[in-house]
Every structure is written in structure tokens, then in C-alpha cells.
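Data from entry30.txt: compact mmCIF, C-alpha atoms and all ligand atoms
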# COMPACT_ATOMS: atom_id res chain seq x y z
CA MET A 1 16.88 38.27 -16.41
CA LYS A 2 14.31 36.89 -14.03
CA LEU A 3 12.65 33.74 -15.35
CA ASP A 4 9.69 31.84 -13.90
CA ASN A 5 9.28 28.06 -13.59
CA ARG A 6 7.32 27.91 -16.84
CA MET A 7 10.15 29.53 -18.79
CA TYR A 8 12.76 27.33 -17.08
CA ALA A 9 10.70 24.29 -18.06
CA ILE A 10 10.56 25.45 -21.71
CA LEU A 11 14.32 26.10 -21.75
CA SER A 12 15.05 22.67 -20.27
CA HIS A 13 13.74 21.08 -23.49
CA VAL A 14 15.87 23.10 -25.90
CA ASP A 15 18.71 20.81 -26.99
CA LYS A 16 21.77 22.31 -28.58
CA CYS A 17 20.77 22.99 -32.19
CA ARG A 18 21.31 25.22 -35.17
CA VAL A 19 18.22 27.41 -35.23
CA VAL A 20 15.38 27.81 -32.75
CA ALA A 21 12.28 29.82 -33.61
CA ASP A 22 10.38 31.46 -30.75
CA ILE A 23 7.03 32.39 -32.27
CA GLY A 24 5.12 35.03 -30.30
CA THR A 25 8.24 36.06 -28.40
CA ASP A 26 6.73 39.26 -26.89
CA HIS A 27 9.23 40.43 -24.22
CA GLY A 28 11.87 38.11 -25.72
CA TYR A 29 12.85 36.40 -22.43
CA ILE A 30 12.75 32.90 -23.87
CA SER A 31 14.83 33.84 -26.94
CA ALA A 32 17.35 35.83 -24.91
CA SER A 33 17.73 32.99 -22.39
CA ILE A 34 18.36 30.45 -25.16
CA ALA A 35 21.05 32.76 -26.56
CA GLU A 36 22.64 33.32 -23.16
CA ARG A 37 22.83 29.57 -22.54
CA GLY A 38 24.43 29.00 -25.96
CA LEU A 39 21.71 26.51 -26.90
CA ALA A 40 21.40 27.57 -30.55
CA ASP A 41 23.58 29.21 -33.18
CA THR A 42 20.69 31.48 -34.16
CA ILE A 43 17.38 32.27 -32.50
CA ILE A 44 14.55 33.67 -34.59
CA ALA A 45 12.31 35.68 -32.28
CA SER A 46 9.10 36.62 -34.02
CA ASP A 47 5.85 38.29 -33.14
CA ILE A 48 2.77 39.47 -34.98
CA SER A 49 3.02 42.69 -33.00
CA GLU A 50 5.72 45.19 -33.85
CA LYS A 51 5.25 46.74 -30.40
CA SER A 52 6.07 43.40 -28.75
CA LEU A 53 9.19 43.02 -30.84
CA LEU A 54 10.39 46.43 -29.67
CA LYS A 55 10.39 45.01 -26.11
CA ALA A 56 12.43 42.03 -27.30
CA ALA A 57 14.80 44.34 -29.22
CA LYS A 58 15.42 46.39 -26.07
CA LEU A 59 16.11 43.26 -24.03
CA ILE A 60 18.60 41.73 -26.44
CA LYS A 61 20.37 45.06 -26.81
CA ASN A 62 20.62 45.48 -23.02
CA GLU A 63 21.90 41.92 -22.64
CA GLY A 64 24.43 42.38 -25.47
CA ILE A 65 23.05 39.40 -27.39
CA MET A 66 24.10 39.16 -31.06
CA ASN A 67 22.47 35.98 -32.38
CA VAL A 68 18.76 36.72 -31.97
CA GLU A 69 17.05 37.74 -35.23
CA LEU A 70 13.82 39.67 -34.81
CA ARG A 71 11.05 39.15 -37.37
CA VAL A 72 7.55 40.63 -37.52
CA GLY A 73 4.80 38.41 -38.89
CA SER A 74 2.14 35.86 -38.13
CA GLY A 75 3.09 32.39 -36.95
CA THR A 76 5.66 30.42 -38.90
CA SER A 77 5.22 32.55 -42.05
CA VAL A 78 8.41 34.35 -40.92
CA LEU A 79 10.49 31.18 -41.43
CA GLN A 80 12.22 30.07 -44.60
CA ASP A 81 12.28 26.42 -45.68
CA ASN A 82 14.48 24.14 -43.56
CA GLU A 83 15.58 27.13 -41.55
CA CYS A 84 14.53 26.02 -38.12
CA ASP A 85 15.14 22.84 -36.07
CA THR A 86 13.13 23.59 -32.96
CA LEU A 87 9.85 25.47 -32.88
CA ILE A 88 8.69 27.11 -29.66
CA ILE A 89 5.17 28.51 -29.37
CA ALA A 90 4.36 29.46 -25.80
CA GLY A 91 2.06 31.72 -23.85
CA MET A 92 -0.92 31.71 -26.24
CA GLY A 93 -4.22 29.85 -26.23
CA GLY A 94 -4.30 26.30 -27.57
CA ALA A 95 -6.70 27.27 -30.37
CA LEU A 96 -4.32 29.99 -31.59
CA ILE A 97 -1.32 27.62 -31.43
CA ALA A 98 -3.36 25.05 -33.41
CA ASN A 99 -4.23 27.73 -36.00
CA ILE A 100 -0.58 28.68 -36.35
CA LEU A 101 0.40 25.03 -36.84
CA ALA A 102 -2.51 24.47 -39.24
CA ALA A 103 -1.23 27.26 -41.49
CA GLU A 104 2.14 25.47 -41.77
CA SER A 105 2.70 22.53 -44.11
CA ARG A 106 6.38 22.04 -43.19
CA SER A 107 7.35 19.96 -40.19
CA PHE A 108 9.99 20.59 -37.54
CA ASN A 109 12.35 18.29 -35.64
CA LYS A 110 11.01 19.37 -32.29
CA TYR A 111 7.98 21.31 -31.08
CA ILE A 112 7.89 22.94 -27.64
CA LEU A 113 4.35 24.16 -27.05
CA SER A 114 2.86 25.77 -23.98
CA PRO A 115 -0.83 26.57 -24.37
CA GLN A 116 -2.41 28.66 -21.63
CA ARG A 117 -6.01 27.56 -22.28
CA ASP A 118 -7.97 25.34 -24.72
CA GLN A 119 -5.32 22.65 -24.31
CA ASP A 120 -7.83 20.05 -25.57
CA ILE A 121 -8.16 21.90 -28.89
CA LEU A 122 -4.40 21.86 -29.39
CA ARG A 123 -4.03 18.16 -28.46
CA LYS A 124 -6.93 17.25 -30.78
CA PHE A 125 -5.20 19.17 -33.59
CA MET A 126 -1.94 17.34 -32.82
CA SER A 127 -3.70 14.00 -32.88
CA ASP A 128 -5.38 14.81 -36.23
CA ASN A 129 -2.08 16.03 -37.71
CA ASN A 130 0.40 13.43 -36.48
CA ILE A 131 2.27 15.44 -33.89
CA VAL A 132 2.99 13.29 -30.85
CA PRO A 133 3.98 14.51 -27.38
CA LEU A 134 7.16 12.93 -26.02
CA ASN A 135 6.64 14.82 -22.80
CA ASP A 136 3.38 16.45 -21.74
CA TYR A 137 3.17 17.73 -18.20
CA LYS A 138 2.09 20.51 -15.86
CA VAL A 139 4.39 22.97 -14.24
CA GLU A 140 3.40 25.27 -11.39
CA SER A 141 4.62 28.79 -11.87
CA LEU A 142 3.72 31.86 -9.80
CA GLY A 143 0.60 30.17 -8.41
CA ARG A 144 -0.73 28.95 -11.76
CA PHE A 145 -0.44 25.67 -13.64
CA TYR A 146 0.91 25.58 -17.17
CA ASP A 147 1.09 22.83 -19.77
CA ILE A 148 4.43 22.00 -21.34
CA ILE A 149 4.16 19.83 -24.45
CA VAL A 150 7.34 18.62 -26.14
CA ALA A 151 6.53 16.88 -29.39
CA GLU A 152 7.71 15.54 -32.72
CA LYS A 153 6.02 14.18 -35.84
CA GLY A 154 4.33 10.84 -35.18
CA LYS A 155 1.06 9.09 -34.45
CA TYR A 156 -0.78 10.34 -31.35
CA LEU A 157 -3.87 8.57 -30.07
CA PRO A 158 -4.80 10.28 -26.80
CA LEU A 159 -7.60 9.21 -24.48
CA GLU A 160 -10.29 11.88 -24.09
CA SER A 161 -8.98 12.58 -20.58
CA GLU A 162 -5.50 13.19 -22.01
CA LEU A 163 -6.89 15.72 -24.49
CA PHE A 164 -7.98 17.88 -21.56
CA PHE A 165 -5.31 17.18 -18.96
CA GLY A 166 -2.23 15.81 -20.72
CA SER A 167 -0.40 12.66 -19.73
CA GLY A 168 -1.23 12.92 -16.03
CA PHE A 169 2.40 12.37 -15.07
CA GLY A 170 4.92 14.68 -13.42
CA ILE A 171 5.38 16.07 -9.91
CA ASP A 172 3.20 19.14 -10.43
CA PHE A 173 0.34 17.06 -11.83
CA VAL A 174 -0.51 15.87 -8.29
CA LYS A 175 -0.82 19.46 -7.08
CA PHE A 176 -2.70 20.40 -10.26
CA ARG A 177 -5.19 17.59 -9.84
CA TYR A 178 -6.17 18.67 -6.28
CA TYR A 179 -6.48 22.25 -7.45
CA GLU A 180 -8.48 21.33 -10.57
CA ILE A 181 -10.83 18.92 -8.78
CA ALA A 182 -11.69 21.65 -6.24
CA ARG A 183 -12.09 24.21 -9.02
CA LEU A 184 -14.39 21.99 -11.09
CA GLN A 185 -16.45 21.03 -8.02
CA ALA A 186 -16.95 24.72 -7.20
CA ILE A 187 -18.11 25.44 -10.77
CA ILE A 188 -20.43 22.41 -10.75
CA SER A 189 -22.03 23.46 -7.47
CA MET A 190 -23.21 26.72 -9.08
CA ALA A 191 -23.67 25.78 -12.74
CA SER A 192 -26.66 24.50 -14.68
CA GLY A 193 -27.44 23.30 -18.21
CA ASP A 194 -24.56 22.86 -20.67
CA LYS A 195 -22.00 24.42 -18.33
CA LEU A 196 -22.88 21.89 -15.63
CA LYS A 197 -22.70 18.99 -18.09
CA PHE A 198 -19.37 20.10 -19.56
CA ASN A 199 -17.67 20.59 -16.20
CA GLN A 200 -19.11 17.36 -14.79
CA LYS A 201 -17.70 15.56 -17.83
CA LYS A 202 -14.27 17.15 -17.27
CA LEU A 203 -14.33 16.16 -13.59
CA ASN A 204 -15.24 12.57 -14.51
CA LEU A 205 -12.41 12.46 -17.06
CA LEU A 206 -9.90 13.81 -14.54
CA ASN A 207 -10.98 11.26 -11.91
CA LYS A 208 -10.69 8.52 -14.53
CA LEU A 209 -7.17 9.64 -15.51
CA VAL A 210 -6.09 9.67 -11.85
CA LYS A 211 -7.65 6.24 -11.28
CA ASN A 212 -5.90 4.79 -14.36
CA HIS A 213 -2.55 6.02 -13.06
CA ASN A 214 -3.19 4.69 -9.56
CA ASN A 215 -3.72 1.29 -11.17
CA ASP A 216 -0.52 1.52 -13.27
C1 LIG B 1 1.49 36.29 -23.81
S1 LIG B 1 2.68 36.54 -25.06
C2 LIG B 1 3.74 35.14 -24.83
C3 LIG B 1 5.17 35.55 -24.70
C4 LIG B 1 6.16 34.41 -24.62
N1 LIG B 1 6.09 33.52 -25.76
C5 LIG B 1 5.99 33.61 -23.34
O1 LIG B 1 5.58 32.45 -23.41
O2 LIG B 1 6.27 34.15 -22.27
C6 LIG B 1 1.84 36.12 -26.55
C7 LIG B 1 2.47 36.80 -27.77
O3 LIG B 1 2.00 36.15 -28.94
C8 LIG B 1 1.88 37.11 -29.96
N2 LIG B 1 1.03 36.56 -31.04
C9 LIG B 1 -0.31 36.42 -31.05
N3 LIG B 1 -0.70 35.87 -32.21
C10 LIG B 1 0.41 35.64 -32.95
C11 LIG B 1 0.67 35.09 -34.23
N4 LIG B 1 -0.34 34.65 -35.01
N5 LIG B 1 1.93 35.02 -34.66
C12 LIG B 1 2.96 35.46 -33.90
N6 LIG B 1 2.78 36.01 -32.68
C13 LIG B 1 1.53 36.08 -32.20
C14 LIG B 1 1.32 38.32 -29.24
O4 LIG B 1 1.55 39.52 -29.98
C15 LIG B 1 2.09 38.27 -27.92
O5 LIG B 1 3.24 39.06 -27.96
Using C-alpha cells, write down the structure from this file.
Ligand SMILES: C[S@@+](CC[C@H](N)C(=O)[O-])C[C@H]1O[C@@H](n2cnc3c(N)ncnc32)[C@H](O)[C@@H]1O
Amino acid sequence: MKLDNRMYAILSHVDKCRVVADIGTDHGYISASIAERGLADTIIASDISEKSLLKAAKLIKNEGIMNVELRVGSGTSVLQDNECDTLIIAGMGGALIANILAAESRSFNKYILSPQRDQDILRKFMSDNNIVPLNDYKVESLGRFYDIIVAEKGKYLPLESELFFGSGFGIDFVKFRYYEIARLQAIISMASGDKLKFNQKKLNLLNKLVKNHNND
């Protein structure tokens, strides 16, 4: 199974546990890799799409994996009470991840979240709902930057810059920041009105975050 840096990063945060749930598993790579590494007794691989789960079913059959349970359904509705220790939700937008978490009143020992856009919406939700990142960093994978957020229940009071860009720590953050500054500057040079204001604000926040860390 060929994994990318983003998936390796997600796997690196899965401690040995009883049950991991991989919500929105799609192709099933993350679930199958957890099983192959013996990181959990049982892996619940779920997806809202039956078609996606068929891909995961094919993969686990081909790999001869026995301890991945496939479940169709939205978000964490597929889980029974106290069934799961570690919750993984990766490869969706931050607003969708926040909606999935908002529909869930139970809490989990560990959350491994990887939003692909609208990261600020997810972090704001986390802050409002007492989910605190223990680790929040960027990883470069196949020419793109991804957010990896490892969290547990607890108070989270992020700066506005952290809502957008995470903690600002980690090796790939330096590369990300050069990339993102150039990207925002290019948008600003062509934008007007609200788009200009929003992207200028993001650029200012990113510069502020970098400056704060340089002074640490
Ligand atoms: C891009 S794939 C991500 C696959 C994998 N988690 C990863 O990170 O590589 C997103 C998957 O989320 C599923 N999905 C979207 N909304 C969902 C929901 N509310 N509950 C469960 N799965 C959902 C989609 O069907 C799709 O298979």
C-alpha cells in the first residue's frame, strides 16, 4: 500500500489502543494501515457513501485484513457508546468535520483531524467546544500542505492567527509560510473589495504569527 506523507503523519499519532474509528474512510488506506501496524484491536472504517466503502472492502480483502469493520452512515452516528478510543476524521473540509463533531455529544480520548480547507472554522468550533490541540502542524505531501490536528478534551484559547494557520510550529510550517505568503500576495495584487480585505487580514495574521515565533 502506497501512503503519502499526510497519511504517515496521521498514522504516527495513533497509539496502541482498543478501537479506532476512521470516519470518511473512502479508499480505506488509513484503516488498513492501522490494522497492518497492529495499532488497534479493531478499526471501524465508516463512510457516508456505500460506493466508497466498497473500495475499502476491496482493499482490506486484498490485504487479508480481518479486524476492520465497515459501516455505512454519517459521521459518528455509526459508533456505539464507549466503543471508540481514537477518532480520526481526515480528508474533508473543516466545516464538514466541525458539523460531524457538532452532531456528537460523546467525547473521545483522542481526536486526529486533518481538514483540507476552512481550518479556521474547525479550530473555532474546537475552541467553542473545549477540544484542545496537543499537536497542530503542517505537513507537506505531494506538493500540497495539510493540517494535522491531534487533540483531546480541554480548554483551547487560540489567537486569531492560530485559528487560520495552526500553532506555527513544525518543520513544514517554514516551507508553508513562504508558500502561503506568496500565494496571499498574488491574490491581494489582483483582488478588490471584501476579497482584498480578507486576504490582507490573513497575510497580516500570518506575518504576526511568524514574528511572534521569531521573538520566542
Ligand atoms: C476525500 S475522502 C477522505 C479519505 C480519507 N479519510 C483520507 O483522509 O485520505 C472524504 C470521504 O468522506 C466521506 N464523507 C463525507 N461526508 C461524510 C460524513 N458526513 N460522514 C462520513 N463520511 C463522510 C466521503 O464520502 C469521502 O469518501
Using all atoms listed in the file, which residues of chain A come within 10 Å of ligand LIG 1 (chain B), and what is the closest atom pair for each, with the distance in Å to one decimal? Give it as JSON lines, sorted by chain and residue number.
{"residue": "A:Leu3", "atom": "CA", "partner": "B:LIG1", "partner_atom": "O2", "distance": 9.4}
{"residue": "A:Asp4", "atom": "CA", "partner": "B:LIG1", "partner_atom": "O2", "distance": 9.3}
{"residue": "A:Arg6", "atom": "CA", "partner": "B:LIG1", "partner_atom": "O1", "distance": 8.2}
{"residue": "A:Met7", "atom": "CA", "partner": "B:LIG1", "partner_atom": "O2", "distance": 7.0}
{"residue": "A:Ile10", "atom": "CA", "partner": "B:LIG1", "partner_atom": "O1", "distance": 8.8}
{"residue": "A:Asp22", "atom": "CA", "partner": "B:LIG1", "partner_atom": "N1", "distance": 6.9}
{"residue": "A:Ile23", "atom": "CA", "partner": "B:LIG1", "partner_atom": "C12", "distance": 5.4}
{"residue": "A:Gly24", "atom": "CA", "partner": "B:LIG1", "partner_atom": "N6", "distance": 3.5}
{"residue": "A:Thr25", "atom": "CA", "partner": "B:LIG1", "partner_atom": "N1", "distance": 4.2}
{"residue": "A:Asp26", "atom": "CA", "partner": "B:LIG1", "partner_atom": "O5", "distance": 3.7}
{"residue": "A:His27", "atom": "CA", "partner": "B:LIG1", "partner_atom": "C3", "distance": 6.4}
{"residue": "A:Gly28", "atom": "CA", "partner": "B:LIG1", "partner_atom": "C4", "distance": 6.9}
{"residue": "A:Tyr29", "atom": "CA", "partner": "B:LIG1", "partner_atom": "O2", "distance": 7.0}
{"residue": "A:Ile30", "atom": "CA", "partner": "B:LIG1", "partner_atom": "O2", "distance": 6.8}
{"residue": "A:Ser31", "atom": "CA", "partner": "B:LIG1", "partner_atom": "N1", "distance": 8.8}
{"residue": "A:Ala45", "atom": "CA", "partner": "B:LIG1", "partner_atom": "N1", "distance": 9.3}
{"residue": "A:Ser46", "atom": "CA", "partner": "B:LIG1", "partner_atom": "C12", "distance": 6.2}
{"residue": "A:Asp47", "atom": "CA", "partner": "B:LIG1", "partner_atom": "N6", "distance": 3.9}
{"residue": "A:Ile48", "atom": "CA", "partner": "B:LIG1", "partner_atom": "N6", "distance": 4.2}
{"residue": "A:Ser49", "atom": "CA", "partner": "B:LIG1", "partner_atom": "O4", "distance": 4.6}
{"residue": "A:Glu50", "atom": "CA", "partner": "B:LIG1", "partner_atom": "O4", "distance": 8.0}
{"residue": "A:Lys51", "atom": "CA", "partner": "B:LIG1", "partner_atom": "O4", "distance": 8.1}
{"residue": "A:Ser52", "atom": "CA", "partner": "B:LIG1", "partner_atom": "O5", "distance": 5.2}
{"residue": "A:Leu53", "atom": "CA", "partner": "B:LIG1", "partner_atom": "O5", "distance": 7.7}
{"residue": "A:Lys55", "atom": "CA", "partner": "B:LIG1", "partner_atom": "O5", "distance": 9.5}
{"residue": "A:Ala56", "atom": "CA", "partner": "B:LIG1", "partner_atom": "O5", "distance": 9.7}
{"residue": "A:Arg71", "atom": "CA", "partner": "B:LIG1", "partner_atom": "C12", "distance": 9.5}
{"residue": "A:Val72", "atom": "CA", "partner": "B:LIG1", "partner_atom": "C12", "distance": 7.8}
{"residue": "A:Gly73", "atom": "CA", "partner": "B:LIG1", "partner_atom": "C12", "distance": 6.1}
{"residue": "A:Ser74", "atom": "CA", "partner": "B:LIG1", "partner_atom": "N5", "distance": 3.6}
{"residue": "A:Gly75", "atom": "CA", "partner": "B:LIG1", "partner_atom": "N5", "distance": 3.7}
{"residue": "A:Thr76", "atom": "CA", "partner": "B:LIG1", "partner_atom": "N5", "distance": 7.3}
{"residue": "A:Ser77", "atom": "CA", "partner": "B:LIG1", "partner_atom": "N5", "distance": 8.5}
{"residue": "A:Val78", "atom": "CA", "partner": "B:LIG1", "partner_atom": "C12", "distance": 9.0}
{"residue": "A:Ile88", "atom": "CA", "partner": "B:LIG1", "partner_atom": "N1", "distance": 7.9}
{"residue": "A:Ile89", "atom": "CA", "partner": "B:LIG1", "partner_atom": "N1", "distance": 6.2}
{"residue": "A:Ala90", "atom": "CA", "partner": "B:LIG1", "partner_atom": "O1", "distance": 4.0}
{"residue": "A:Gly91", "atom": "CA", "partner": "B:LIG1", "partner_atom": "O1", "distance": 3.6}
{"residue": "A:Met92", "atom": "CA", "partner": "B:LIG1", "partner_atom": "C6", "distance": 5.2}
{"residue": "A:Gly93", "atom": "CA", "partner": "B:LIG1", "partner_atom": "C6", "distance": 8.7}
{"residue": "A:Leu96", "atom": "CA", "partner": "B:LIG1", "partner_atom": "N3", "distance": 6.9}
{"residue": "A:Ile97", "atom": "CA", "partner": "B:LIG1", "partner_atom": "N4", "distance": 7.9}
{"residue": "A:Asn99", "atom": "CA", "partner": "B:LIG1", "partner_atom": "N4", "distance": 8.0}
{"residue": "A:Ile100", "atom": "CA", "partner": "B:LIG1", "partner_atom": "N4", "distance": 6.1}
{"residue": "A:Leu101", "atom": "CA", "partner": "B:LIG1", "partner_atom": "N4", "distance": 9.8}
{"residue": "A:Ala103", "atom": "CA", "partner": "B:LIG1", "partner_atom": "N4", "distance": 9.9}
{"residue": "A:Leu113", "atom": "CA", "partner": "B:LIG1", "partner_atom": "O1", "distance": 9.1}
{"residue": "A:Ser114", "atom": "CA", "partner": "B:LIG1", "partner_atom": "O1", "distance": 7.2}
{"residue": "A:Pro115", "atom": "CA", "partner": "B:LIG1", "partner_atom": "O1", "distance": 8.8}
{"residue": "A:Gln116", "atom": "CA", "partner": "B:LIG1", "partner_atom": "C1", "distance": 8.8}
| said: With only C-alpha atoms as the counted atoms, please give the residues lying no more than 9 Å from Asn129 (chain A), apart from itself and same-chain residues fewer than 3 positions off, as an MDAnalysis selection string. | reply: chainID A and resid 102 124:126 132 153:156
Cut-off 9 Å: closest region 7-88 of chain A/region 108-112 of chain A atom pairs per residue, using only C-alpha atoms, as JSON lines:
{"residue": "A:Ile10", "atom": "CA", "partner": "A:Ile112", "partner_atom": "CA", "distance": 7.0}
{"residue": "A:His13", "atom": "CA", "partner": "A:Ile112", "partner_atom": "CA", "distance": 7.4}
{"residue": "A:Val14", "atom": "CA", "partner": "A:Ile112", "partner_atom": "CA", "distance": 8.2}
{"residue": "A:Asn82", "atom": "CA", "partner": "A:Phe108", "partner_atom": "CA", "distance": 8.3}
{"residue": "A:Cys84", "atom": "CA", "partner": "A:Phe108", "partner_atom": "CA", "distance": 7.1}
{"residue": "A:Asp85", "atom": "CA", "partner": "A:Asn109", "partner_atom": "CA", "distance": 5.4}
{"residue": "A:Thr86", "atom": "CA", "partner": "A:Lys110", "partner_atom": "CA", "distance": 4.8}
{"residue": "A:Leu87", "atom": "CA", "partner": "A:Tyr111", "partner_atom": "CA", "distance": 4.9}
{"residue": "A:Ile88", "atom": "CA", "partner": "A:Ile112", "partner_atom": "CA", "distance": 4.7}
Could you turn the residues from that selection into a file that holds C-alpha atoms, as a compact mmCIF listing (two decimals), in the frame of the given file?
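Listed below is the output, result_27.txt:
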# COMPACT_ATOMS: atom_id res chain seq x y z
CA ILE A 10 10.56 25.45 -21.71
CA HIS A 13 13.74 21.08 -23.49
CA VAL A 14 15.87 23.10 -25.90
CA ASN A 82 14.48 24.14 -43.56
CA CYS A 84 14.53 26.02 -38.12
CA ASP A 85 15.14 22.84 -36.07
CA THR A 86 13.13 23.59 -32.96
CA LEU A 87 9.85 25.47 -32.88
CA ILE A 88 8.69 27.11 -29.66
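Residues within 12 Å of Lys202 (chain A), counting only C-alpha atoms and excluding same-chain residues fewer than 2 positions away, are A:Asp120, A:Glu160, A:Ser161, A:Glu162, A:Leu163, A:Phe164, A:Phe165, A:Arg177, A:Glu180, A:Ile181, A:Arg183, A:Leu184, A:Gln185, A:Ile187, A:Ile188, A:Lys195, A:Leu196, A:Lys197, A:Phe198, A:Asn199, A:Gln200, A:Asn204, A:Leu205, A:Leu206, A:Asn207, A:Lys208, A:Leu209.
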Could the centre and edge lengths of an axis-aligned box, enclosing all atoms of region 152-170 of chain A in the file with 5 Å extra on each side, be given in Å to one decimal as JSON?
{"center_x": -1.3, "center_y": 13.2, "center_z": -24.6, "size_x": 28.0, "size_y": 19.3, "size_z": 32.4}
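For the pair CA of Arg117 (chain A) and CA of Phe169 (chain A), the interatomic distance is 18.8 Å.
Comparing the minimum interatomic distances between Asn62 (chain A) and each of A:Leu122, A:Lys16, A:Met1, A:Lys138, counting only C-alpha atoms, we find that A:Met1 sits nearest.
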| task | Could you jot down the CA of Leu11 (chain A) to CA of Pro133 (chain A) separation for me, Å, one decimal place? | result | 16.5 Å
| query | Distance CA of Asp136 (chain A)-CA of Ile149 (chain A), one decimal place? | reply | 4.4 Å
| field | Gly64 (chain A) surroundings by only C-alpha atoms, 12 Å radius, close-in-sequence under 4 positions cut, as a ChimeraX atom specification | value | /A:32-33,35-36,57-60,68
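Using all atoms listed in the file for every distance, the candidate list A:Asp81, A:Glu140, A:Asp118, A:Asp41 yields A:Asp41 as the residue closest to Asp15 (chain A).
Residue nearest Asn67 (chain A), chosen from A:Gly94, A:Pro158, A:Val20, A:Gln80 and counting all atoms listed in the file: A:Val20.
In this comparison, which uses all atoms listed in the file, the residue of A:Val139, A:Ile43, A:Ala186, A:Leu79 approaching Cys17 (chain A) most closely is A:Ile43.
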What would region 191-215 of chain A look like with N, CA and C atoms restored, written as an mmCIF file, keeping the file's coordinate frame?
data_model
loop_
_atom_site.group_PDB
_atom_site.id
_atom_site.type_symbol
_atom_site.label_atom_id
_atom_site.label_comp_id
_atom_site.auth_asym_id
_atom_site.auth_seq_id
_atom_site.Cartn_x
_atom_site.Cartn_y
_atom_site.Cartn_z
ATOM 1 N N ALA A 191 -23.323 25.731 -11.314
ATOM 2 C CA ALA A 191 -23.670 25.780 -12.740
ATOM 3 C C ALA A 191 -24.959 25.022 -13.035
ATOM 4 N N SER A 192 -25.506 25.276 -14.222
ATOM 5 C CA SER A 192 -26.660 24.500 -14.680
ATOM 6 C C SER A 192 -26.510 24.289 -16.190
ATOM 7 N N GLY A 193 -27.381 23.482 -16.757
ATOM 8 C CA GLY A 193 -27.440 23.300 -18.210
ATOM 9 C C GLY A 193 -26.136 22.767 -18.787
ATOM 10 N N ASP A 194 -25.733 23.342 -19.933
ATOM 11 C CA ASP A 194 -24.560 22.860 -20.670
ATOM 12 C C ASP A 194 -23.270 23.033 -19.862
ATOM 13 N N LYS A 195 -23.211 24.154 -19.119
ATOM 14 C CA LYS A 195 -22.000 24.420 -18.330
ATOM 15 C C LYS A 195 -21.817 23.328 -17.269
ATOM 16 N N LEU A 196 -22.927 22.952 -16.644
ATOM 17 C CA LEU A 196 -22.880 21.890 -15.630
ATOM 18 C C LEU A 196 -22.419 20.581 -16.273
ATOM 19 N N LYS A 197 -23.031 20.260 -17.406
ATOM 20 C CA LYS A 197 -22.700 18.990 -18.090
ATOM 21 C C LYS A 197 -21.229 18.941 -18.484
ATOM 22 N N PHE A 198 -20.743 20.054 -19.061
ATOM 23 C CA PHE A 198 -19.370 20.100 -19.560
ATOM 24 C C PHE A 198 -18.366 19.939 -18.411
ATOM 25 N N ASN A 199 -18.633 20.652 -17.317
ATOM 26 C CA ASN A 199 -17.670 20.590 -16.200
ATOM 27 C C ASN A 199 -17.759 19.278 -15.454
ATOM 28 N N GLN A 200 -18.959 18.679 -15.404
ATOM 29 C CA GLN A 200 -19.110 17.360 -14.790
ATOM 30 C C GLN A 200 -18.329 16.323 -15.618
ATOM 31 N N LYS A 201 -18.428 16.480 -16.939
ATOM 32 C CA LYS A 201 -17.700 15.560 -17.830
ATOM 33 C C LYS A 201 -16.191 15.688 -17.602
ATOM 34 N N LYS A 202 -15.711 16.941 -17.487
ATOM 35 C CA LYS A 202 -14.270 17.150 -17.270
ATOM 36 C C LYS A 202 -13.835 16.537 -15.930
ATOM 37 N N LEU A 203 -14.672 16.717 -14.911
ATOM 38 C CA LEU A 203 -14.330 16.160 -13.590
ATOM 39 C C LEU A 203 -14.271 14.628 -13.670
ATOM 40 N N ASN A 204 -15.243 14.034 -14.368
ATOM 41 C CA ASN A 204 -15.240 12.570 -14.510
ATOM 42 C C ASN A 204 -13.981 12.098 -15.234
ATOM 43 N N LEU A 205 -13.603 12.845 -16.290
ATOM 44 C CA LEU A 205 -12.410 12.460 -17.060
ATOM 45 C C LEU A 205 -11.153 12.572 -16.205
ATOM 46 N N LEU A 206 -11.087 13.631 -15.393
ATOM 47 C CA LEU A 206 -9.900 13.810 -14.540
ATOM 48 C C LEU A 206 -9.832 12.683 -13.505
ATOM 49 N N ASN A 207 -10.971 12.357 -12.901
ATOM 50 C CA ASN A 207 -10.980 11.260 -11.910
ATOM 51 C C ASN A 207 -10.576 9.936 -12.566
ATOM 52 N N LYS A 208 -11.017 9.744 -13.802
ATOM 53 C CA LYS A 208 -10.690 8.520 -14.530
ATOM 54 C C LYS A 208 -9.176 8.438 -14.808
ATOM 55 N N LEU A 209 -8.608 9.588 -15.223
ATOM 56 C CA LEU A 209 -7.170 9.640 -15.510
ATOM 57 C C LEU A 209 -6.366 9.320 -14.253
ATOM 58 N N VAL A 210 -6.784 9.914 -13.125
ATOM 59 C CA VAL A 210 -6.090 9.670 -11.850
ATOM 60 C C VAL A 210 -6.213 8.205 -11.475
ATOM 61 N N LYS A 211 -7.415 7.638 -11.640
ATOM 62 C CA LYS A 211 -7.650 6.240 -11.280
ATOM 63 C C LYS A 211 -6.791 5.310 -12.146
ATOM 64 N N ASN A 212 -6.734 5.621 -13.454
ATOM 65 C CA ASN A 212 -5.900 4.790 -14.360
ATOM 66 C C ASN A 212 -4.464 4.773 -13.879
ATOM 67 N N HIS A 213 -3.951 5.948 -13.483
ATOM 68 C CA HIS A 213 -2.550 6.020 -13.060
ATOM 69 C C HIS A 213 -2.318 5.309 -11.727
ATOM 70 N N ASN A 214 -3.329 5.393 -10.852
ATOM 71 C CA ASN A 214 -3.190 4.690 -9.560
ATOM 72 C C ASN A 214 -3.124 3.182 -9.766
ATOM 73 N N ASN A 215 -3.729 2.733 -10.887
ATOM 74 C CA ASN A 215 -3.720 1.290 -11.170
ATOM 75 C C ASN A 215 -2.498 0.859 -11.973
#
